[in-house]
Amino acid sequence: MRPIICLELHPLCPPPLTKEQKESPVVTSAFKTTRSQEFFQQAKELMPGGVNSPVRAFKSVGSEPVFIDRAQGAYLWDVDGNHYIDYIGSWGPAIVGHAHPEVLDSLQAAMLKGTSFGAPSVPESILAQMVIDAVPSIEMVRFVNSGTEACLSILRLARAFTGRDILIKFSGCYHGHGDMFLVQAGSGVATLGLPDSPGVPKSSTANTLTAPYNDLDAVEALLKTHPDQVAAVMLEPIVGNAGMIVPEPGFLEGLKALTQKYGALLIFDEVMTGFRISYGGVQERFGVTPDLTCLGKVIGGGLPVGAYGGRKEIMNMVAPAGPMYQAGTLSGNPLAMAAGIKTLELLKRPGTYEYLDRITAKLYQGLLDAAHDYGHAAVGAQVSGMFGLFFTDKPVKSYEGARTSDLKKFSRFHRGMLERGIYLAPSQFEAGFTSLAHTDEDIERTIAAARETLKEITP
Ligand SMILES: *Cc1c(COP(=O)(O)O)cnc(C)c1O
C-alpha cells in the first residue's frame with residue numbers, strides 16, 4: 001500500500017489547479033477517475049467502506065465516489081481535476097455557497113481568538129437570539145454538535161416533559177443514528193419497533209412506533225391504542241431522507257390537532273429544512289407550529305452543529321435549569337457559532353428565498369420535462385432550495401410510494417450526470433439542494449446535461 005499521509009508535497013496529493021480549472025465550473029476534458037479510485041482503494045483499508053458516513057460511498061448507485069479536493073460557490077473540484085456543479089451542498093449546509101468569503105472572514109476572526117473554550121461565550125447568545133427570532137416554535141435553544149445529537153436529546157426531553165415513553169415516527173424519515181430511531185417501517189399501518197441495524201437491542205426500539213407519512217388515520221390509530229403513553233410524534237415536516245416528499249394539505253395541521261388531543265408533543269425535525277425551506281423553516285412557511293424543533297446543517301454554516309429548542313416551559317427542563325441531563329464538550333463551539341451567525345446573516349438579506357425558489361423551480365421543471373420528453377416516468381417535488389425526482393409514475397406520498405422508483409435507472413442517470421460534471425446525491429432516496437451561488441447558467445447547463453443523459457437511457 002502507498003503511504004497514507006497527504007502532505008502538501010506528497011505525490012498522492014492532488015496537483016495544484018490550473019487557472020483554467022479554477023475558473024471553469026464544468027468538465028472541459030474527458031472525465032477521469034484514476035486518482036479517486038486509487039484514494040478510495042486506500043481509504044477502504046483505513047476506514048469502514050472507505051468513508052465516514054455510509055451514503056458517501058456511492059454504493060446505492062453501484063459506483064465509486066470521487067474524492068473532493070476543493071469547493072467554492074456552487075462548484076466542487078475532485079482530485080483528478082474534474083469539476084462539478086454541486087447539488088448536495090454538503091447535504092444541505094452549503095446554502096450560501098461553499099467557502100463564502102464572508103463566512104471565511106468570520107471564521108478567520110473567530111479562530112484568532114481560539115478554537116474552543118468549554119465556557120460561555122457571546123457568539124452562542126448571538127446565534128441563539130437569531131434562531132429564536134427566526135423559528136416560530138423556539139423560545140429557548142440548546143446547541144449540540146450534530147443533528148443526531150439534537151434528535152437524541154429532543155426525544156429525551158419530550159419523554160421527560162410528558163412522563164411518557166412512546167415515540168411515533170414515520171417510515172422513511174431519518175432522525176440521525178440513535179438506537180431508538182433506527183426502526184424499519186414494515187408493511188401495514190403500524191409496525192411495532194423492530195431494529196433496523198444489528199447492534200440495536202429490541203428494548204431500545206420497543207417504544208418506537210412507525211406510521212406511513214401523510215397518513216393521519218394511522219397516527220390516530222396508534223395514539224388510540226396507546227392512551228396516555230405517547231410522548232411525541234416526530235417527523236421531517238418535508239421529507240428529504242426518503243427522496244423529497246411533501247406533506248399533503250392538512251397533514252401537518254392534522255398532526256398538531258392529534259397531538260394536542262392525545263397529550264403528546266409534536267416535534268419537527270428541521271435539521272434539513274430549517275433555514276432552507278424559508279428562514280423560519282417549514283413551520284414558518286406552512287404556518288404550523290410544533291412544540292419542539294431540531295435544527296442542524298444550515299445553522300452551522302458548514303461546521304458541525306445541531307440544536308434543539310421549543311417553549312421555555314419545556315426547555316427549562318434541560319440541565320442545569322432542570323433535571324433532564326444533556327451536555328457537550330464542544331457544544332456552542334466558537335467557530336461553529338461564527339460560521340452559523342454569518343450564514344444566517346447572509347440568508348436574512350432580502351430576496352434570498354425568492355431566489356432559491358426561482359432557480360430551483362427552474363431546475364426541477366427542466367429535469368422533469370427532460371425525463372418526460374425522453375419517455376421516462378418521473379414525479380417529484382420542489383420547495384425553495386430543495387428538490388427531488390423519482391423515476392416512477394405513481395404519486396409519491398410516502399416512503400412506500402418512493403420505493404416504487406426504478407433504482408437501476410436512477411443509477412444510470414446519476415453516473416451520466418457525474419460524468420457530465422453534475423454532482424447529484426448518490427441515491428434515489430435523497431433530496432437535492434441548491435444554493436445562493438447557483439446561477440441561471442448553472443441551472444441551464446444542468447438541464448442540458450440531464451437531457452443528454454436521459455436521451456441515452458432507454459425508458
Ligand atoms: C441530517 C439529518 C439528521 C442527522 O444530522 P447529522 O448532523 O448527520 O447527525 C437528522 N435529521 C434530519 C432530518 C437530517 O436531515
# chains A, B, ... in the order shown; residues from 1 in each chain; ligands from 1

call {"tool": "select_by_dssp", "arguments": {"residues": "segment 265-446 of chain A", "states": "alpha helix (DSSP H)", "output": "VMD selection string"}}
result
chain A and resid 281 to 286 312 to 315 334 to 348 352 to 373 399 to 402 407 to 419 440 to 446

call {"tool": "select_by_dssp", "arguments": {"residues": "segment 90-192 of chain A", "states": "strand (DSSP E or B)", "output": "number ranges by chain"}}
result
A: 98, 140-144, 166-170, 183, 191-192

call {"tool": "closest_residue", "arguments": {"among": "A:Leu292, A:Leu303, A:Ala43, A:Ile277", "to": "Ile238 of chain A", "atoms": "only C-alpha atoms"}}
result
A:Ile277

call {"tool": "closest_residue", "arguments": {"among": "A:Ser171, A:Asp442, A:Thr273, A:Gly243", "to": "Thr210 of chain A", "atoms": "only C-alpha atoms"}}
result
A:Ser171

call {"tool": "closest_residue", "arguments": {"among": "A:Ala94, A:Val282, A:Leu266, A:Val122", "to": "Phe433 of chain A", "atoms": "only C-alpha atoms"}}
result
A:Ala94

call {"tool": "closest_residue", "arguments": {"among": "A:Ala381, A:Leu104, A:Val271, A:Ile166", "to": "ligand 1", "atoms": "only C-alpha atoms and all ligand atoms"}}
result
A:Val271

call {"tool": "residues_near_ligand", "arguments": {"ligand": "ligand 1", "cutoff": "6 Å", "atoms": "only C-alpha atoms and all ligand atoms", "output": "ChimeraX atom specification"}}
result
/A:146-148,174-176,236,269-272

call {"tool": "residues_around", "arguments": {"residues": "segment 46-56 of chain A", "least_positions_apart": "3", "cutoff": "8 Å", "atoms": "only C-alpha atoms", "output": "PDB file with C-alpha atoms, in the first residue's frame"}}
result
ATOM      1  CA  PHE A  40     -10.753   5.034  -2.481  1.00  0.00           C
ATOM      2  CA  GLN A  41      -8.877   1.713  -2.506  1.00  0.00           C
ATOM      3  CA  GLN A  42      -6.543   3.116   0.107  1.00  0.00           C
ATOM      4  CA  ALA A  43      -9.346   4.605   2.196  1.00  0.00           C
ATOM      5  CA  LYS A  59     -22.918   2.060  -3.013  1.00  0.00           C
ATOM      6  CA  SER A  60     -26.583   2.590  -3.733  1.00  0.00           C
ATOM      7  CA  PRO A  65     -17.101   8.049  -5.089  1.00  0.00           C
ATOM      8  CA  PRO A 426     -25.825   9.187  -4.980  1.00  0.00           C
ATOM      9  CA  SER A 427     -29.208   7.757  -4.013  1.00  0.00           C
TER      10      SER A 427
END

call {"tool": "closest_residue", "arguments": {"among": "A:Leu363, A:Leu252, A:Ala211, A:Ile68", "to": "Gly385 of chain A", "atoms": "only C-alpha atoms"}}
result
A:Leu363

call {"tool": "closest_residue", "arguments": {"among": "A:Leu167, A:Ile457, A:Ala221, A:Met180", "to": "Pro201 of chain A", "atoms": "only C-alpha atoms"}}
result
A:Met180

call {"tool": "atom_distance", "arguments": {"atom1": "atom CA of Gln382 of chain A", "atom2": "atom CA of His83 of chain A"}}
result
25.3 Å

call {"tool": "atom_distance", "arguments": {"atom1": "atom CA of Phe31 of chain A", "atom2": "atom CA of Ala361 of chain A"}}
result
28.5 Å

call {"tool": "residues_around", "arguments": {"residues": "Gly73 of chain A", "least_positions_apart": "2", "cutoff": "9 Å", "atoms": "only C-alpha atoms", "output": "number ranges by chain"}}
result
A: 71, 75-76, 86, 94, 96-100, 435-438

call {"tool": "write_last_selection", "arguments": {"atoms": "all heavy atoms", "output": "tab-separated table (two decimals), in the first residue's frame"}}
result
chain	number	residue	atom	x	y	z
A	71	ALA	N	-13.87	23.14	-2.72
A	71	ALA	CA	-15.22	23.60	-3.05
A	71	ALA	C	-15.25	25.12	-3.03
A	71	ALA	O	-14.61	25.75	-2.20
A	71	ALA	CB	-16.22	23.06	-2.03
A	75	TYR	N	-19.57	25.08	-6.85
A	75	TYR	CA	-18.74	24.10	-7.56
A	75	TYR	C	-17.84	23.28	-6.64
A	75	TYR	O	-17.42	23.73	-5.58
A	75	TYR	CB	-17.85	24.82	-8.59
A	75	TYR	CG	-18.62	25.80	-9.44
A	75	TYR	CD1	-18.21	27.12	-9.58
A	75	TYR	CD2	-19.80	25.39	-10.08
A	75	TYR	CE1	-18.94	28.02	-10.35
A	75	TYR	CE2	-20.54	26.27	-10.85
A	75	TYR	CZ	-20.10	27.60	-10.98
A	75	TYR	OH	-20.83	28.48	-11.72
A	76	LEU	N	-17.56	22.07	-7.15
A	76	LEU	CA	-16.60	21.17	-6.49
A	76	LEU	C	-15.52	20.80	-7.48
A	76	LEU	O	-15.79	20.70	-8.68
A	76	LEU	CB	-17.29	19.87	-6.07
A	76	LEU	CG	-18.45	19.91	-5.08
A	76	LEU	CD1	-19.05	18.51	-4.97
A	76	LEU	CD2	-17.96	20.39	-3.72
A	86	ASP	N	-22.49	21.47	-7.97
A	86	ASP	CA	-22.80	20.65	-6.79
A	86	ASP	C	-24.26	20.82	-6.35
A	86	ASP	O	-24.69	21.93	-6.04
A	86	ASP	CB	-21.87	21.09	-5.65
A	86	ASP	CG	-22.15	20.36	-4.34
A	86	ASP	OD1	-22.75	19.26	-4.38
A	86	ASP	OD2	-21.77	20.89	-3.28
A	94	ALA	N	-24.38	24.01	2.78
A	94	ALA	CA	-23.73	25.00	1.91
A	94	ALA	C	-24.74	25.88	1.17
A	94	ALA	O	-24.60	26.16	-0.02
A	94	ALA	CB	-22.81	24.28	0.91
A	96	VAL	N	-25.35	29.08	1.25
A	96	VAL	CA	-24.89	30.36	0.69
A	96	VAL	C	-23.76	30.14	-0.32
A	96	VAL	O	-23.17	31.09	-0.83
A	96	VAL	CB	-24.44	31.36	1.78
A	96	VAL	CG1	-25.60	31.69	2.70
A	96	VAL	CG2	-23.25	30.83	2.59
A	97	GLY	N	-23.49	28.89	-0.62
A	97	GLY	CA	-22.36	28.55	-1.49
A	97	GLY	C	-21.17	28.14	-0.63
A	97	GLY	O	-21.03	28.61	0.50
A	98	HIS	N	-20.33	27.27	-1.19
A	98	HIS	CA	-19.16	26.81	-0.44
A	98	HIS	C	-18.16	27.94	-0.26
A	98	HIS	O	-17.99	28.78	-1.13
A	98	HIS	CB	-18.44	25.70	-1.22
A	98	HIS	CG	-19.21	24.42	-1.32
A	98	HIS	ND1	-19.35	23.55	-0.28
A	98	HIS	CD2	-19.88	23.85	-2.36
A	98	HIS	CE1	-20.06	22.49	-0.67
A	98	HIS	NE2	-20.40	22.66	-1.93
A	99	ALA	N	-17.46	27.89	0.85
A	99	ALA	CA	-16.34	28.81	1.11
A	99	ALA	C	-16.72	30.25	0.82
A	99	ALA	O	-15.98	30.99	0.17
A	99	ALA	CB	-15.12	28.39	0.27
A	100	HIS	N	-17.90	30.64	1.28
A	100	HIS	CA	-18.33	32.03	1.06
A	100	HIS	C	-17.33	32.97	1.73
A	100	HIS	O	-16.98	32.79	2.90
A	100	HIS	CB	-19.72	32.23	1.67
A	100	HIS	CG	-20.35	33.53	1.27
A	100	HIS	ND1	-19.91	34.74	1.76
A	100	HIS	CD2	-21.36	33.81	0.42
A	100	HIS	CE1	-20.63	35.70	1.23
A	100	HIS	NE2	-21.52	35.17	0.41
A	435	SER	N	-28.08	26.39	-3.94
A	435	SER	CA	-27.55	27.42	-3.05
A	435	SER	C	-27.68	28.78	-3.72
A	435	SER	O	-27.99	28.87	-4.92
A	435	SER	CB	-26.08	27.15	-2.75
A	435	SER	OG	-25.29	27.56	-3.86
A	436	LEU	N	-27.40	29.82	-2.95
A	436	LEU	CA	-27.43	31.18	-3.49
A	436	LEU	C	-26.33	31.38	-4.52
A	436	LEU	O	-26.36	32.35	-5.29
A	436	LEU	CB	-27.28	32.20	-2.36
A	436	LEU	CG	-28.43	32.22	-1.35
A	436	LEU	CD1	-28.11	33.17	-0.20
A	436	LEU	CD2	-29.73	32.63	-2.03
A	437	ALA	N	-25.36	30.47	-4.56
A	437	ALA	CA	-24.27	30.61	-5.52
A	437	ALA	C	-24.61	30.00	-6.88
A	437	ALA	O	-23.90	30.24	-7.86
A	437	ALA	CB	-23.00	29.95	-4.96
A	438	HIS	N	-25.67	29.22	-6.97
A	438	HIS	CA	-26.06	28.64	-8.27
A	438	HIS	C	-26.65	29.74	-9.16
A	438	HIS	O	-27.53	30.48	-8.72
A	438	HIS	CB	-27.08	27.52	-8.08
A	438	HIS	CG	-26.51	26.25	-7.54
A	438	HIS	ND1	-26.18	26.10	-6.21
A	438	HIS	CD2	-26.19	25.07	-8.14
A	438	HIS	CE1	-25.69	24.87	-6.02
A	438	HIS	NE2	-25.68	24.23	-7.18

call {"tool": "atom_distance", "arguments": {"atom1": "atom CA of Leu107 of chain A", "atom2": "atom CA of Arg70 of chain A"}}
result
17.3 Å

call {"tool": "residues_around", "arguments": {"residues": "segment 226-233 of chain A", "least_positions_apart": "4", "cutoff": "8 Å", "atoms": "only C-alpha atoms", "output": "list of chain:residue names"}}
result
A:Leu155, A:Ala158, A:Arg159, A:Thr162, A:Gly163, A:Arg164, A:Asp165, A:Ile166, A:Leu167, A:Ile168, A:Lys169, A:Leu222, A:Leu255, A:Thr259, A:Tyr262, A:Gly263, A:Ala264, A:Leu265, A:Leu266, A:Ile267

call {"tool": "write_last_selection", "arguments": {"atoms": "all heavy atoms", "output": "short mmCIF file (atom, residue, chain, number, x, y, z; two decimals), in the first residue's frame"}}
result
data_model
loop_
_atom_site.label_atom_id
_atom_site.label_comp_id
_atom_site.auth_asym_id
_atom_site.auth_seq_id
_atom_site.Cartn_x
_atom_site.Cartn_y
_atom_site.Cartn_z
N LEU A 155 -35.77 13.83 22.03
CA LEU A 155 -36.66 12.74 22.45
C LEU A 155 -36.58 12.55 23.96
O LEU A 155 -37.60 12.36 24.63
CB LEU A 155 -36.30 11.45 21.71
CG LEU A 155 -37.17 10.26 22.09
CD1 LEU A 155 -38.65 10.54 21.84
CD2 LEU A 155 -36.75 9.01 21.32
N ALA A 158 -38.69 15.26 25.41
CA ALA A 158 -40.13 15.02 25.25
C ALA A 158 -40.60 13.98 26.26
O ALA A 158 -41.68 14.09 26.84
CB ALA A 158 -40.44 14.56 23.82
N ARG A 159 -39.78 12.97 26.47
CA ARG A 159 -40.13 11.93 27.43
C ARG A 159 -40.12 12.48 28.86
O ARG A 159 -41.01 12.19 29.66
CB ARG A 159 -39.17 10.75 27.30
CG ARG A 159 -39.44 9.92 26.05
CD ARG A 159 -38.36 8.89 25.80
NE ARG A 159 -38.82 7.90 24.82
CZ ARG A 159 -38.04 6.99 24.26
NH1 ARG A 159 -36.75 6.94 24.56
NH2 ARG A 159 -38.53 6.14 23.40
N THR A 162 -43.27 14.86 29.28
CA THR A 162 -44.61 14.23 29.30
C THR A 162 -44.69 13.09 30.31
O THR A 162 -45.79 12.64 30.64
CB THR A 162 -44.96 13.64 27.92
OG1 THR A 162 -43.94 12.70 27.55
CG2 THR A 162 -45.05 14.73 26.86
N GLY A 163 -43.55 12.58 30.74
CA GLY A 163 -43.55 11.40 31.59
C GLY A 163 -44.04 10.16 30.85
O GLY A 163 -44.52 9.19 31.44
N ARG A 164 -43.95 10.19 29.53
CA ARG A 164 -44.38 9.06 28.70
C ARG A 164 -43.18 8.56 27.88
O ARG A 164 -42.22 9.30 27.69
CB ARG A 164 -45.48 9.50 27.74
CG ARG A 164 -46.73 10.06 28.44
CD ARG A 164 -47.62 10.68 27.37
NE ARG A 164 -48.91 11.10 27.89
CZ ARG A 164 -49.94 11.41 27.10
NH1 ARG A 164 -49.81 11.33 25.78
NH2 ARG A 164 -51.08 11.78 27.62
N ASP A 165 -43.29 7.33 27.37
CA ASP A 165 -42.13 6.73 26.70
C ASP A 165 -42.22 6.57 25.19
O ASP A 165 -41.21 6.48 24.51
CB ASP A 165 -41.85 5.34 27.29
CG ASP A 165 -41.26 5.45 28.69
OD1 ASP A 165 -40.75 6.54 29.03
OD2 ASP A 165 -41.31 4.45 29.44
N ILE A 166 -43.44 6.46 24.66
CA ILE A 166 -43.56 6.05 23.25
C ILE A 166 -43.30 7.21 22.29
O ILE A 166 -43.73 8.34 22.50
CB ILE A 166 -44.95 5.41 22.99
CG1 ILE A 166 -45.03 4.07 23.74
CG2 ILE A 166 -45.20 5.20 21.49
CD1 ILE A 166 -46.35 3.35 23.59
N LEU A 167 -42.59 6.86 21.21
CA LEU A 167 -42.34 7.79 20.11
C LEU A 167 -43.08 7.27 18.88
O LEU A 167 -42.96 6.09 18.54
CB LEU A 167 -40.84 7.85 19.81
CG LEU A 167 -40.46 8.46 18.45
CD1 LEU A 167 -40.66 9.97 18.45
CD2 LEU A 167 -39.01 8.12 18.09
N ILE A 168 -43.82 8.14 18.21
CA ILE A 168 -44.37 7.78 16.90
C ILE A 168 -43.55 8.52 15.84
O ILE A 168 -43.42 9.74 15.89
CB ILE A 168 -45.86 8.17 16.77
CG1 ILE A 168 -46.70 7.37 17.78
CG2 ILE A 168 -46.36 7.91 15.34
CD1 ILE A 168 -48.18 7.71 17.77
N LYS A 169 -42.97 7.74 14.93
CA LYS A 169 -42.24 8.34 13.81
C LYS A 169 -42.84 7.83 12.50
O LYS A 169 -43.80 7.07 12.52
CB LYS A 169 -40.74 8.05 13.90
CG LYS A 169 -40.37 6.61 13.58
CD LYS A 169 -38.87 6.37 13.66
CE LYS A 169 -38.09 6.90 12.47
NZ LYS A 169 -38.31 6.13 11.21
N LEU A 222 -52.65 4.68 16.27
CA LEU A 222 -51.58 4.40 17.24
C LEU A 222 -51.82 5.15 18.56
O LEU A 222 -51.62 4.60 19.65
CB LEU A 222 -50.22 4.80 16.67
CG LEU A 222 -49.71 3.96 15.50
CD1 LEU A 222 -48.42 4.56 14.94
CD2 LEU A 222 -49.47 2.52 15.94
N LEU A 255 -51.67 16.63 12.41
CA LEU A 255 -50.79 16.10 13.44
C LEU A 255 -50.80 16.99 14.67
O LEU A 255 -50.77 16.53 15.81
CB LEU A 255 -49.36 15.96 12.91
CG LEU A 255 -49.13 14.88 11.86
CD1 LEU A 255 -47.68 14.89 11.40
CD2 LEU A 255 -49.48 13.49 12.40
N THR A 259 -51.92 15.55 18.24
CA THR A 259 -51.01 15.54 19.40
C THR A 259 -51.64 16.31 20.56
O THR A 259 -51.52 15.91 21.71
CB THR A 259 -49.62 16.13 19.05
OG1 THR A 259 -49.79 17.34 18.31
CG2 THR A 259 -48.80 15.16 18.23
N TYR A 262 -54.34 14.14 22.21
CA TYR A 262 -53.89 12.98 22.97
C TYR A 262 -52.74 13.32 23.94
O TYR A 262 -52.10 12.42 24.50
CB TYR A 262 -53.47 11.85 22.03
CG TYR A 262 -54.66 11.22 21.32
CD1 TYR A 262 -55.10 11.69 20.09
CD2 TYR A 262 -55.37 10.17 21.92
CE1 TYR A 262 -56.19 11.13 19.45
CE2 TYR A 262 -56.47 9.61 21.29
CZ TYR A 262 -56.88 10.09 20.05
OH TYR A 262 -57.98 9.52 19.43
N GLY A 263 -52.47 14.59 24.13
CA GLY A 263 -51.47 14.99 25.12
C GLY A 263 -50.04 14.61 24.79
O GLY A 263 -49.21 14.47 25.69
N ALA A 264 -49.75 14.46 23.49
CA ALA A 264 -48.36 14.18 23.09
C ALA A 264 -47.74 15.47 22.55
O ALA A 264 -48.45 16.42 22.23
CB ALA A 264 -48.33 13.10 22.02
N LEU A 265 -46.41 15.50 22.45
CA LEU A 265 -45.75 16.66 21.85
C LEU A 265 -45.55 16.43 20.36
O LEU A 265 -45.34 15.30 19.92
CB LEU A 265 -44.39 16.91 22.53
CG LEU A 265 -44.44 17.27 24.02
CD1 LEU A 265 -43.02 17.45 24.56
CD2 LEU A 265 -45.28 18.52 24.27
N LEU A 266 -45.59 17.52 19.62
CA LEU A 266 -45.30 17.44 18.18
C LEU A 266 -43.88 17.96 17.97
O LEU A 266 -43.55 19.08 18.37
CB LEU A 266 -46.31 18.28 17.39
CG LEU A 266 -46.12 18.29 15.86
CD1 LEU A 266 -46.26 16.88 15.27
CD2 LEU A 266 -47.12 19.24 15.19
N ILE A 267 -43.04 17.11 17.37
CA ILE A 267 -41.64 17.51 17.13
C ILE A 267 -41.38 17.58 15.62
O ILE A 267 -41.58 16.60 14.91
CB ILE A 267 -40.64 16.49 17.73
CG1 ILE A 267 -40.91 16.29 19.23
CG2 ILE A 267 -39.21 16.96 17.49
CD1 ILE A 267 -40.01 15.24 19.87
#

call {"tool": "residues_around", "arguments": {"residues": "Phe429 of chain A", "least_positions_apart": "2", "cutoff": "8 Å", "atoms": "only C-alpha atoms", "output": "list in words"}}
result
Gly240, Asn241, Ala242, Gly243, Met244, Ala402, Ser427 and Ala431 of chain A

call {"tool": "closest_atom_pairs", "arguments": {"of": "segment 132-178 of chain A", "to": "segment 330-334 of chain A", "cutoff": "9 Å", "atoms": "only C-alpha atoms", "output": "CSV"}}
result
residue,atom,partner,partner_atom,distance
A:Arg142,CA,A:Gly332,CA,8.5
A:Phe143,CA,A:Gly332,CA,5.6
A:Val144,CA,A:Ser331,CA,4.8
A:Asn145,CA,A:Ser331,CA,5.8

call {"tool": "write_last_selection", "arguments": {"atoms": "C-alpha atoms", "output": "PDB file, in the first residue's frame"}}
result
ATOM      1  CA  ARG A 142     -29.590  24.360  23.248  1.00  0.00           C
ATOM      2  CA  PHE A 143     -26.700  23.899  20.830  1.00  0.00           C
ATOM      3  CA  VAL A 144     -25.130  20.486  20.264  1.00  0.00           C
ATOM      4  CA  ASN A 145     -22.683  19.112  17.683  1.00  0.00           C
TER       5      ASN A 145
END
